[in-house]
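K.L.:
For reference, the file my_file_25.pdb (PDB, C-alpha atoms) is included below:
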ATOM      1  CA  MET A   1      -3.812  24.178  21.274
ATOM      2  CA  ILE A   2      -6.672  23.122  19.023
ATOM      3  CA  VAL A   3      -7.197  25.137  15.837
ATOM      4  CA  TYR A   4     -10.574  24.798  14.170
ATOM      5  CA  VAL A   5     -10.570  25.124  10.383
ATOM      6  CA  GLU A   6     -13.368  25.211   7.836
ATOM      7  CA  SER A   7     -13.827  24.346   4.183
ATOM      8  CA  ASN A   8     -11.985  27.447   2.951
ATOM      9  CA  PHE A   9      -8.829  26.154   4.623
ATOM     10  CA  VAL A  10      -9.052  22.932   2.612
ATOM     11  CA  LEU A  11      -9.850  24.820  -0.616
ATOM     12  CA  GLU A  12      -6.930  27.188  -0.129
ATOM     13  CA  LEU A  13      -4.563  24.249   0.118
ATOM     14  CA  ALA A  14      -6.122  22.153  -2.637
ATOM     15  CA  LEU A  15      -6.473  24.950  -5.187
ATOM     16  CA  GLU A  16      -3.386  26.926  -4.121
ATOM     17  CA  GLN A  17      -5.427  30.095  -3.803
ATOM     18  CA  GLU A  18      -4.370  33.520  -2.543
ATOM     19  CA  GLU A  19      -4.273  32.567   1.142
ATOM     20  CA  SER A  20      -2.655  29.166   0.624
ATOM     21  CA  PRO A  21       0.709  30.241   2.131
ATOM     22  CA  ALA A  22      -1.055  31.052   5.418
ATOM     23  CA  ALA A  23      -2.971  27.763   5.308
ATOM     24  CA  GLU A  24       0.289  25.941   4.567
ATOM     25  CA  SER A  25       1.875  27.548   7.640
ATOM     26  CA  ILE A  26      -0.992  26.316   9.796
ATOM     27  CA  LEU A  27      -0.634  22.854   8.292
ATOM     28  CA  GLN A  28       3.095  22.845   9.049
ATOM     29  CA  LEU A  29       2.383  23.717  12.675
ATOM     30  CA  ALA A  30       0.037  20.740  12.855
ATOM     31  CA  GLU A  31       2.586  18.450  11.193
ATOM     32  CA  GLY A  32       5.145  19.631  13.742
ATOM     33  CA  LYS A  33       2.700  18.714  16.558
ATOM     34  CA  LYS A  34       2.625  22.333  17.747
ATOM     35  CA  ILE A  35      -1.139  22.536  17.227
ATOM     36  CA  ASP A  36      -3.992  20.111  16.653
ATOM     37  CA  LEU A  37      -6.333  20.689  13.720
ATOM     38  CA  ALA A  38     -10.038  20.105  14.110
ATOM     39  CA  PHE A  39     -12.662  20.514  11.444
ATOM     40  CA  PRO A  40     -16.260  19.461  10.883
ATOM     41  CA  ALA A  41     -16.949  16.713   8.336
ATOM     42  CA  LEU A  42     -18.666  19.296   6.163
ATOM     43  CA  ALA A  43     -15.301  21.047   5.822
ATOM     44  CA  LEU A  44     -14.205  18.097   3.670
ATOM     45  CA  TYR A  45     -17.440  17.537   1.784
ATOM     46  CA  GLU A  46     -17.921  21.116   0.612
ATOM     47  CA  PRO A  47     -14.468  21.427  -1.059
ATOM     48  CA  HIS A  48     -14.936  18.024  -2.692
ATOM     49  CA  TRP A  49     -18.295  19.142  -4.084
ATOM     50  CA  LYS A  50     -16.877  22.459  -5.291
ATOM     51  CA  ILE A  51     -13.961  20.789  -7.085
ATOM     52  CA  GLU A  52     -16.363  18.294  -8.693
ATOM     53  CA  GLN A  53     -18.567  21.167  -9.890
ATOM     54  CA  ARG A  54     -15.594  22.993 -11.391
ATOM     55  CA  SER A  55     -14.559  19.806 -13.171
ATOM     56  CA  LYS A  56     -18.039  19.388 -14.645
ATOM     57  CA  GLU A  57     -18.065  23.014 -15.775
ATOM     58  CA  ARG A  58     -14.684  22.587 -17.465
ATOM     59  CA  GLN A  59     -15.909  19.435 -19.213
ATOM     60  CA  GLN A  60     -18.998  21.258 -20.478
ATOM     61  CA  LEU A  61     -16.858  24.134 -21.720
ATOM     62  CA  HIS A  62     -14.486  21.698 -23.421
ATOM     63  CA  GLU A  63     -17.367  19.967 -25.180
ATOM     64  CA  SER A  64     -18.845  23.293 -26.250
ATOM     65  CA  ILE A  65     -15.533  24.426 -27.726
ATOM     66  CA  ARG A  66     -15.066  21.101 -29.521
ATOM     67  CA  LYS A  67     -18.545  21.427 -30.993
ATOM     68  CA  GLN A  68     -17.823  24.956 -32.182
ATOM     69  CA  LEU A  69     -14.532  23.852 -33.745
ATOM     70  CA  ARG A  70     -16.221  20.985 -35.585
ATOM     71  CA  GLU A  71     -18.774  23.388 -36.997
ATOM     72  CA  LEU A  72     -16.060  25.742 -38.179
TER      73      LEU A  72
END
Any chance you could give the structure as structure tokens?
P.N.:
Amino acid sequence: MIVYVESNFVLELALEQEESPAAESILQLAEGKKIDLAFPALALYEPHWKIEQRSKERQQLHESIRKQLREL
């Protein structure tokens, strides 16, 4: 059986979000050769982009806090 997954599947696993246990179960089925996973290339690009954006936002926040602390 082929199971098609999308970017949310990858994000759930990578960020250990609310539905990550279900995604992990699907991944275990694929590792056990009980199913085959299929996903579009965009399903990998979108999570990568989202994680990069979150990293940039955290860096900006960090710099803002450092600036505020220096001023204090």
K.L.:
Which residues match the PyMOL selection byres ((chain A and resi 37-44) around 7) in the file above, as a list in words?
P.N.:
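This file, filtered by the PyMOL selection byres ((chain A and resi 37-44) around 7), leaves Ile2, Val3, Tyr4, Val5, Glu6, Ser7, Ala30, Ile35, Asp36, Tyr45, Glu46, Pro47 and His48 of chain A.
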K.L.:
Any idea what the distance is between atom CA of A:Leu61 and atom CA of A:Glu12?
P.N.:
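Separating atom CA of A:Leu61 from atom CA of A:Glu12 is a distance of 24.0 Å.
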K.L.:
Using only C-alpha atoms, determine which residues lie at most 10 Å from A:Ile51, disregarding the query and same-chain residues fewer than 6 positions distant; provide the list as a PDB file with C-alpha atoms, in the frame of the given file.
P.N.:
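Dumped everything to part18.pdb:
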ATOM      1  CA  LEU A  11      -9.850  24.820  -0.616  1.00  0.00           C
ATOM      2  CA  ALA A  14      -6.122  22.153  -2.637  1.00  0.00           C
ATOM      3  CA  LEU A  15      -6.473  24.950  -5.187  1.00  0.00           C
ATOM      4  CA  GLU A  57     -18.065  23.014 -15.775  1.00  0.00           C
TER       5      GLU A  57
END
K.L.:
Would you mind reading off the distance between atom CA of A:Glu63 and atom CA of A:Gln17, one decimal, in Å?
P.N.:
26.5 Å
K.L.:
Please, what distance in Å, to one decimal, runs between atom CA of A:Met1 and atom CA of A:Lys34?
P.N.:
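The value is 7.6 Å.
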